[in-house]
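Coordinates from entry_26.tsv are shown below (TSV, C-alpha atoms).
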```tsv
chain	number	residue	atom	x	y	z
W	1220	MET	CA	73.27	57.05	123.00
W	1221	SER	CA	74.40	54.26	125.25
W	1222	ASP	CA	74.31	50.67	124.10
W	1223	ALA	CA	71.75	49.76	126.74
W	1224	ARG	CA	69.44	52.54	125.65
W	1225	ILE	CA	69.71	51.51	121.98
W	1226	GLU	CA	69.00	47.95	122.99
W	1227	GLY	CA	66.03	49.17	125.04
W	1228	TYR	CA	64.55	51.06	122.11
W	1229	ALA	CA	65.12	48.07	119.79
W	1230	ARG	CA	63.43	45.72	122.22
W	1231	ALA	CA	60.47	48.09	122.63
W	1232	LEU	CA	59.99	48.44	118.89
W	1233	PHE	CA	60.32	44.69	118.45
W	1234	GLU	CA	57.70	43.98	121.10
W	1235	ILE	CA	55.28	46.52	119.65
W	1236	ALA	CA	55.65	45.10	116.14
W	1237	ARG	CA	55.27	41.54	117.41
W	1238	ALA	CA	52.24	42.53	119.47
W	1239	GLU	CA	50.72	44.12	116.39
W	1240	GLY	CA	51.35	40.88	114.50
W	1241	THR	CA	53.19	42.67	111.70
W	1242	LEU	CA	56.75	41.92	112.73
W	1243	ASP	CA	57.98	40.61	109.36
W	1244	GLU	CA	56.53	43.47	107.39
W	1245	VAL	CA	57.49	46.17	109.88
W	1246	GLU	CA	60.99	44.74	110.24
W	1247	ASP	CA	61.47	44.84	106.49
W	1248	GLU	CA	60.14	48.38	106.13
W	1249	LEU	CA	62.23	49.61	109.03
W	1250	PHE	CA	65.31	48.02	107.50
W	1251	ARG	CA	64.73	49.75	104.16
W	1252	PHE	CA	64.10	53.05	105.91
W	1253	ALA	CA	67.33	52.70	107.87
W	1254	ARG	CA	69.31	52.20	104.67
W	1255	SER	CA	67.64	55.19	103.05
W	1256	TYR	CA	68.42	57.21	106.15
W	1257	GLU	CA	72.08	56.23	105.95
W	1258	SER	CA	72.40	57.13	102.30
W	1259	SER	CA	70.59	60.47	102.39
W	1260	ASP	CA	72.26	63.46	104.03
W	1261	ALA	CA	69.15	65.58	103.61
W	1262	LEU	CA	66.96	63.02	105.36
W	1263	ARG	CA	69.48	62.61	108.13
W	1264	SER	CA	69.77	66.32	108.81
W	1265	ALA	CA	65.98	66.78	108.63
W	1266	LEU	CA	65.35	64.10	111.24
W	1267	THR	CA	68.21	64.96	113.59
W	1268	ASP	CA	68.13	68.75	113.59
W	1269	GLU	CA	67.41	69.77	117.18
W	1270	MET	CA	66.28	73.20	116.00
W	1271	VAL	CA	63.38	71.62	114.12
W	1272	PRO	CA	60.43	70.91	116.44
W	1273	ALA	CA	59.66	67.22	117.06
W	1274	GLU	CA	56.25	67.60	115.43
W	1275	ARG	CA	57.84	68.85	112.22
W	1276	ARG	CA	60.29	65.95	112.16
W	1277	GLN	CA	57.46	63.49	112.72
W	1278	ALA	CA	55.51	65.18	109.95
W	1279	VAL	CA	58.48	64.63	107.63
W	1280	VAL	CA	58.42	60.90	108.46
W	1281	GLU	CA	54.69	60.67	107.85
W	1282	SER	CA	54.91	62.53	104.56
W	1283	LEU	CA	57.74	60.25	103.41
W	1284	LEU	CA	56.25	56.93	104.41
W	1285	GLY	CA	52.53	57.70	104.32
W	1286	GLY	CA	50.78	55.26	101.96
W	1287	LYS	CA	54.00	53.31	101.38
W	1288	SER	CA	54.52	51.67	104.75
W	1289	THR	CA	52.32	50.21	107.46
W	1290	ALA	CA	50.97	52.48	110.17
W	1291	THR	CA	53.01	50.63	112.76
W	1292	THR	CA	56.25	51.35	110.91
W	1293	ILE	CA	55.42	55.04	110.59
W	1294	GLN	CA	54.43	55.29	114.25
W	1295	LEU	CA	57.56	53.52	115.44
W	1296	ILE	CA	59.88	55.74	113.41
W	1297	SER	CA	57.92	58.83	114.46
W	1298	MET	CA	58.26	57.80	118.06
W	1299	VAL	CA	62.08	57.45	117.80
W	1300	VAL	CA	62.47	60.68	115.83
W	1301	GLY	CA	60.08	62.55	118.16
W	1302	SER	CA	62.05	61.46	121.20
W	1303	GLY	CA	65.19	63.02	119.68
W	1304	ARG	CA	66.86	59.68	118.93
W	1305	GLY	CA	66.82	60.04	115.15
W	1306	ARG	CA	70.62	59.88	115.04
W	1307	ASP	CA	70.50	56.33	116.45
W	1308	LEU	CA	67.69	55.15	114.22
W	1309	PRO	CA	69.79	52.84	111.97
W	1310	GLU	CA	71.41	51.15	114.92
W	1311	ILE	CA	68.12	50.71	116.76
W	1312	ILE	CA	66.55	49.23	113.64
W	1313	ASP	CA	69.51	46.92	113.01
W	1314	ARG	CA	69.20	45.63	116.59
W	1315	LEU	CA	65.49	45.13	116.05
W	1316	VAL	CA	66.11	43.21	112.82
W	1317	ALA	CA	68.76	41.08	114.54
W	1318	ARG	CA	66.42	40.42	117.43
W	1319	ALA	CA	63.59	39.49	115.07
W	1320	SER	CA	65.86	37.16	113.12
W	1321	GLU	CA	67.13	35.53	116.29
W	1322	SER	CA	63.60	34.99	117.45
W	1323	LYS	CA	63.10	32.95	114.30
W	1324	ASP	CA	66.54	31.37	114.55
W	1325	LEU	CA	67.62	33.18	111.42
W	1326	ALA	CA	70.80	35.09	110.53
W	1327	VAL	CA	70.35	38.51	108.98
W	1328	ALA	CA	71.68	38.55	105.42
W	1329	GLU	CA	72.04	42.06	104.05
W	1330	VAL	CA	72.08	41.84	100.28
W	1331	ARG	CA	73.02	44.84	98.18
W	1332	SER	CA	72.06	44.80	94.54
W	1333	ALA	CA	72.09	47.42	91.80
W	1334	VAL	CA	68.64	46.30	90.68
W	1335	ALA	CA	65.66	44.80	92.46
W	1336	LEU	CA	65.61	41.04	92.93
W	1337	SER	CA	62.61	38.99	92.01
W	1338	ASP	CA	60.94	36.82	94.65
W	1339	ASP	CA	62.35	33.77	92.97
W	1340	GLN	CA	65.86	35.21	93.00
W	1341	GLN	CA	65.49	36.18	96.65
W	1342	GLN	CA	64.41	32.63	97.56
W	1343	ARG	CA	67.21	31.02	95.63
W	1344	LEU	CA	69.72	33.51	97.04
W	1345	ALA	CA	68.46	32.83	100.59
W	1346	ALA	CA	68.85	29.13	99.99
W	1347	ALA	CA	72.32	29.60	98.53
W	1348	LEU	CA	73.41	31.77	101.48
W	1349	ALA	CA	71.93	29.23	103.90
W	1350	ASN	CA	73.99	26.56	102.20
W	1351	ALA	CA	77.09	28.76	102.30
W	1352	THR	CA	76.78	29.83	105.94
W	1353	GLY	CA	75.06	26.80	107.41
W	1354	ARG	CA	72.28	28.97	108.83
W	1355	GLN	CA	68.86	29.93	107.60
W	1356	VAL	CA	68.89	33.59	106.68
W	1357	ASN	CA	66.56	36.53	106.94
W	1358	LEU	CA	67.22	38.21	103.60
W	1359	LYS	CA	67.25	42.00	103.58
W	1360	VAL	CA	67.67	43.41	100.09
W	1361	VAL	CA	69.00	46.93	99.63
W	1362	ILE	CA	68.98	48.56	96.20
W	1363	ASP	CA	72.39	50.19	95.83
W	1364	PRO	CA	73.20	51.50	92.32
W	1365	SER	CA	76.75	52.36	93.42
W	1366	ILE	CA	77.78	48.71	93.13
W	1367	ILE	CA	76.97	48.99	89.37
W	1368	GLY	CA	76.05	45.32	89.03
W	1369	GLY	CA	76.11	41.99	90.83
W	1370	ILE	CA	75.48	41.42	94.53
W	1371	VAL	CA	77.20	42.01	97.85
W	1372	ALA	CA	75.91	39.76	100.62
W	1373	THR	CA	76.80	40.27	104.30
W	1374	VAL	CA	75.90	37.60	106.82
W	1375	GLY	CA	77.26	38.42	110.24
W	1376	ASP	CA	80.98	38.98	109.74
W	1377	THR	CA	81.05	37.20	106.39
W	1378	VAL	CA	81.01	39.34	103.24
W	1379	ILE	CA	80.55	37.76	99.84
W	1380	ASP	CA	81.30	40.38	97.25
W	1381	GLY	CA	80.24	39.73	93.68
W	1382	SER	CA	79.77	43.34	92.67
W	1383	VAL	CA	80.97	44.89	89.46
W	1384	ARG	CA	82.20	47.87	91.49
W	1385	THR	CA	84.67	45.69	93.40
W	1386	ARG	CA	85.90	44.01	90.23
W	1387	VAL	CA	86.43	47.38	88.59
W	1388	GLU	CA	88.29	48.66	91.65
W	1389	GLU	CA	90.50	45.57	91.64
W	1390	LEU	CA	91.18	46.10	87.97
W	1391	LYS	CA	92.05	49.77	88.60
W	1392	SER	CA	94.41	48.93	91.42
W	1393	ARG	CA	96.11	46.30	89.26
W	1394	LEU	CA	96.50	48.87	86.47
M	65	MET	CA	204.68	187.38	122.18
M	66	ASN	CA	202.72	186.04	124.99
M	67	LEU	CA	199.18	185.05	124.83
M	68	PHE	CA	198.06	188.28	126.47
M	69	ALA	CA	199.89	190.40	124.03
M	70	VAL	CA	198.47	188.43	121.26
M	71	ILE	CA	195.01	188.90	122.59
M	72	VAL	CA	195.54	192.62	123.14
M	73	GLY	CA	197.32	192.98	119.88
M	74	ALA	CA	194.57	191.35	118.16
M	75	GLY	CA	192.47	194.24	119.07
M	76	ASP	CA	194.42	196.35	116.78
M	77	VAL	CA	193.50	194.31	113.80
M	78	ASP	CA	190.21	194.70	112.10
M	79	PRO	CA	188.39	191.56	112.88
M	80	ALA	CA	186.35	191.92	109.79
M	81	GLN	CA	189.44	191.75	107.72
M	82	SER	CA	190.85	188.28	107.21
M	83	LEU	CA	194.43	187.70	106.36
M	84	ASN	CA	193.65	184.69	104.30
M	85	TRP	CA	190.61	183.82	102.37
M	86	LEU	CA	190.69	180.31	103.78
M	87	PHE	CA	192.42	180.25	107.14
M	88	PRO	CA	191.60	182.50	110.01
M	89	ALA	CA	194.26	184.42	111.82
M	90	THR	CA	196.79	182.51	113.87
M	91	SER	CA	195.52	183.77	117.11
M	92	GLU	CA	192.06	182.82	116.17
M	93	LEU	CA	193.35	179.43	115.35
M	94	ILE	CA	194.98	179.11	118.66
M	95	TYR	CA	192.05	180.40	120.68
M	96	GLY	CA	189.66	178.46	118.64
M	97	GLY	CA	191.77	175.38	118.90
M	98	LEU	CA	192.09	175.68	122.64
M	99	ALA	CA	188.44	176.41	123.10
M	100	SER	CA	187.61	173.47	120.95
M	101	ILE	CA	189.92	171.26	122.92
M	102	ILE	CA	188.34	172.46	126.14
M	103	ILE	CA	184.88	172.05	124.82
M	104	PHE	CA	185.61	168.66	123.38
M	105	SER	CA	187.27	167.65	126.61
M	106	LEU	CA	184.28	168.81	128.58
M	107	ILE	CA	182.01	167.09	126.18
M	108	TYR	CA	184.12	163.98	126.34
M	109	LYS	CA	184.15	164.09	130.09
M	110	PHE	CA	180.54	164.82	130.75
M	111	ALA	CA	178.62	163.72	127.68
M	112	GLY	CA	180.96	160.93	126.62
M	113	PRO	CA	179.77	158.27	129.04
M	114	ALA	CA	176.16	159.02	128.31
M	115	ALA	CA	176.81	158.96	124.60
M	116	LYS	CA	178.89	155.87	124.99
M	117	LYS	CA	176.13	154.24	127.00
M	118	GLY	CA	173.57	155.29	124.49
M	119	LEU	CA	175.67	153.87	121.66
M	120	ALA	CA	176.26	150.71	123.63
M	121	ASP	CA	172.53	150.42	124.31
M	122	ARG	CA	171.74	151.06	120.72
M	123	THR	CA	174.38	148.56	119.65
M	124	ALA	CA	172.87	146.05	122.08
M	125	LYS	CA	169.39	146.81	120.84
M	126	ILE	CA	170.46	146.48	117.24
M	127	GLN	CA	172.30	143.31	118.12
M	128	ALA	CA	169.20	142.04	119.89
M	129	GLU	CA	167.11	142.92	116.90
M	130	LEU	CA	169.64	141.21	114.67
M	131	ASP	CA	169.56	138.19	116.93
M	132	GLY	CA	165.79	138.25	116.99
M	133	ALA	CA	165.70	138.59	113.25
M	134	GLU	CA	168.11	135.73	112.93
M	135	GLN	CA	166.04	133.66	115.30
M	136	ALA	CA	162.90	134.59	113.42
M	137	LEU	CA	164.64	133.65	110.20
M	138	SER	CA	165.75	130.37	111.66
M	139	SER	CA	162.29	129.77	113.08
M	140	ALA	CA	160.73	130.71	109.75
M	141	ASN	CA	163.14	128.38	108.00
M	142	ALA	CA	162.27	125.63	110.44
M	143	GLU	CA	158.60	126.31	110.01
M	144	ALA	CA	159.02	126.36	106.26
M	145	ALA	CA	160.85	123.07	106.48
M	146	GLU	CA	158.08	121.71	108.69
M	147	ILE	CA	155.49	122.95	106.26
M	148	ARG	CA	157.38	121.43	103.37
M	149	ARG	CA	157.71	118.18	105.30
M	150	ALA	CA	154.03	118.33	106.22
M	151	ALA	CA	153.19	119.05	102.60
M	152	GLY	CA	155.28	116.06	101.68
M	153	ASP	CA	153.53	114.00	104.30
M	154	ILE	CA	150.15	115.20	103.07
M	155	ALA	CA	151.06	114.26	99.55
M	156	ALA	CA	152.26	110.87	100.74
M	157	GLU	CA	149.14	110.46	102.89
M	158	ARG	CA	147.02	111.45	99.93
M	159	GLN	CA	148.79	108.91	97.81
M	160	ARG	CA	148.41	106.31	100.52
M	161	LEU	CA	144.70	107.13	100.98
M	162	LEU	CA	144.12	107.03	97.27
M	163	ALA	CA	145.93	103.73	97.00
M	164	GLU	CA	144.00	102.36	99.95
M	165	ALA	CA	140.72	103.60	98.47
M	166	ASP	CA	141.63	102.02	95.16
M	167	SER	CA	142.48	98.80	96.90
M	168	GLN	CA	139.27	98.83	98.93
M	169	ALA	CA	137.24	99.69	95.85
M	170	SER	CA	138.88	96.85	93.97
M	171	ALA	CA	138.24	94.47	96.86
M	172	LEU	CA	134.63	95.64	97.15
M	173	LEU	CA	134.16	95.28	93.43
M	174	ALA	CA	135.64	91.80	93.44
M	175	ASP	CA	133.60	90.84	96.49
M	176	GLY	CA	130.46	92.30	94.98
M	177	ARG	CA	131.07	90.48	91.72
M	178	ALA	CA	131.73	87.23	93.56
M	179	ARG	CA	128.61	87.67	95.70
M	180	LEU	CA	126.54	88.62	92.69
M	181	SER	CA	127.81	85.62	90.80
M	182	ALA	CA	127.05	83.37	93.76
M	183	GLU	CA	123.58	84.85	94.12
M	184	ILE	CA	122.90	84.49	90.43
M	185	ALA	CA	124.11	80.89	90.53
M	186	ASP	CA	121.97	80.25	93.60
M	187	MET	CA	118.94	81.86	91.99
M	188	GLU	CA	119.48	79.87	88.84
M	189	SER	CA	119.84	76.71	90.85
M	190	ARG	CA	116.69	77.46	92.84
M	191	ALA	CA	114.80	78.41	89.72
M	192	GLU	CA	115.89	75.18	88.07
M	193	SER	CA	114.89	73.12	91.07
M	194	GLU	CA	111.57	74.99	91.31
M	195	ILE	CA	110.97	74.41	87.64
M	196	MET	CA	111.82	70.75	88.10
M	197	GLY	CA	109.61	70.54	91.19
M	198	MET	CA	106.80	72.37	89.47
M	199	SER	CA	107.18	70.17	86.46
M	200	GLY	CA	107.13	67.12	88.72
M	201	ARG	CA	104.12	68.40	90.63
M	202	MET	CA	102.30	69.26	87.44
M	203	GLY	CA	103.18	65.84	86.10
M	204	ASP	CA	101.90	64.23	89.29
M	205	GLU	CA	98.75	66.34	89.26
M	206	LEU	CA	98.26	65.53	85.62
M	207	ARG	CA	98.73	61.83	86.32
M	208	VAL	CA	96.27	62.01	89.23
M	209	GLU	CA	93.77	63.92	87.12
M	210	VAL	CA	94.20	61.49	84.23
M	211	GLY	CA	93.79	58.63	86.67
M	212	ARG	CA	90.66	60.18	88.15
M	213	LEU	CA	89.16	60.88	84.76
M	214	SER	CA	90.10	57.41	83.58
M	215	SER	CA	88.50	55.94	86.67
M	216	GLU	CA	85.32	57.93	86.08
M	217	ALA	CA	85.37	56.98	82.42
M	218	VAL	CA	85.79	53.32	83.30
M	219	ASP	CA	82.94	53.51	85.83
M	220	ARG	CA	80.71	55.22	83.31
M	221	LEU	CA	81.69	52.81	80.56
M	222	VAL	CA	81.13	49.80	82.74
M	223	ALA	CA	77.83	51.18	84.04
M	224	ASP	CA	76.71	51.81	80.47
M	225	THR	CA	77.64	48.32	79.36
M	226	VAL	CA	75.87	46.65	82.29
M	227	ASP	CA	72.37	46.44	80.85
M	228	GLY	CA	69.38	44.64	82.30
M	229	ALA	CA	70.36	41.28	80.85
M	230	THR	CA	73.87	41.62	82.19
M	231	GLN	CA	72.51	42.57	85.60
M	232	GLN	CA	70.37	39.47	85.67
M	233	ALA	CA	73.26	37.34	84.44
M	234	LEU	CA	75.47	38.73	87.20
M	235	ILE	CA	72.83	38.04	89.84
M	236	GLU	CA	72.25	34.53	88.61
M	237	ASP	CA	75.95	33.92	88.44
M	238	PHE	CA	76.32	35.15	92.05
M	239	ILE	CA	73.51	32.91	93.30
M	240	ARG	CA	74.95	29.91	91.45
M	241	LYS	CA	78.45	30.47	92.77
M	242	VAL	CA	77.33	31.06	96.37
M	243	GLY	CA	75.16	27.95	96.21
M	244	ALA	CA	77.96	25.92	94.70
M	245	GLY	CA	80.47	27.16	97.23
M	246	SER	CA	78.80	25.54	100.25
```

Let's see the structure in the file written out as structure tokens.
Amino acid sequence: MSDARIEGYARALFEIARAEGTLDEVEDELFRFARSYESSDALRSALTDEMVPAERRQAVVESLLGGKSTATTIQLISMVVGSGRGRDLPEIIDRLVARASESKDLAVAEVRSAVALSDDQQQRLAAALANATGRQVNLKVVIDPSIIGGIVATVGDTVIDGSVRTRVEELKSRL
Amino acid sequence: MNLFAVIVGAGDVDPAQSLNWLFPATSELIYGGLASIIIFSLIYKFAGPAAKKGLADRTAKIQAELDGAEQALSSANAEAAEIRRAAGDIAAERQRLLAEADSQASALLADGRARLSAEIADMESRAESEIMGMSGRMGDELRVEVGRLSSEAVDRLVADTVDGATQQALIEDFIRKVGAGS
């Protein structure tokens, strides 16, 4: 899909969420869904298979997110998947998150951790990243067991890697 | 006594009676002799040339046959000599062919042995290099496999050792370091 079209979808979703007054919550849920989508081949193929009717794909989304996410989030994802743009879902959502963060003058900070972070840890981490980057951040936490332990934070082009996985890889390459 | 008287007188003698047991009577000898001379003369005159010609022809024929025989003998001798020479040549050719065959067989044998030796050496060399290569590849594969297993073992070991407390310690350490790094 062209960049303009992705941007168009992102803007539309952003405006709908803002109009519904659930932008923060929807943005967060969409971000988590996008990461799950990226990490799951089965989910990706289920939502992008052109042979599967749009209604079936939307039903998959509703069965996955029903009761766990807001209705707006489910409807937005269903709309994108139903229109046959499931393949571009992560990019659309990332644009939406960036747009939402910009609207609040925040930088998106994607934080990958092997375990969930407490609210207190998220606040302190956001403050620490704000200090490190000089910008207030919109923290997006992704649970990623592949990093084994520690945290990998990405703010714009800056990556701060404190993961056990990277240390182990460095150790292996040195050996 | 003239011849007539002799002839007439002879009529008085019994012709069946011979005066001698071996010789006839004189008159008979004379008549006989004359008649013989006449006959022989006639024969000589009339039959002589023909007989002479016949003898000459026969002599010539015999001479021709003798010549032919001699020529045939000479030709046979020449042919025999040719055959003997050819036999000699055949024997020499046979010897030469046998020698040549022996030489070619020896050369072929030597060439075959040399080629066989070269092929064996080449095969041995290739086999050695293949063994070396295979050994190297197996060593490399083994090293890669050991490395992969070691890597997995390290990952598993590290993952097992990172318990909840360690996770929290790592997170806190990260937050502290990021905050301190500003």

Q: Pick out the closest residue to Val1387 of chain W from this set: M:Leu234, M:Val222, M:Leu213, M:Ile184. Count all atoms listed in the file.
A: M:Val222

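Between Ile1293 of chain W and the candidates W:Ala1326, W:Leu1232, W:Leu1315, W:Leu1348, the tightest atom-to-atom separation, counting only C-alpha atoms, involves W:Leu1232.
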
Per-residue nearest contacts of chain W to chain M (6 Å; all atoms listed in the file) as a tab-separated table:
```
residue	atom	partner	partner_atom	distance
W:Leu1344	CA	M:Ile239	CA	5.4
W:Ala1347	CA	M:Gly243	CA	4.0
W:Asn1350	CA	M:Ser246	CA	5.3
W:Ala1351	CA	M:Ser246	CA	4.2
W:Ile1367	CA	M:Ala223	CA	5.8
W:Gly1368	CA	M:Gln231	CA	5.6
W:Gly1369	CA	M:Leu234	CA	4.9
```

Q: Work out how far apart atom CA of Val1356 of chain W and atom CA of Lys1323 of chain W are and give it in Å to one decimal.
A: 9.6 Å

Q.
I'd like the interatomic distance between atom CA of Leu1242 of chain W and atom CA of Ala1319 of chain W, to a tenth of an Å.
A. 7.6 Å
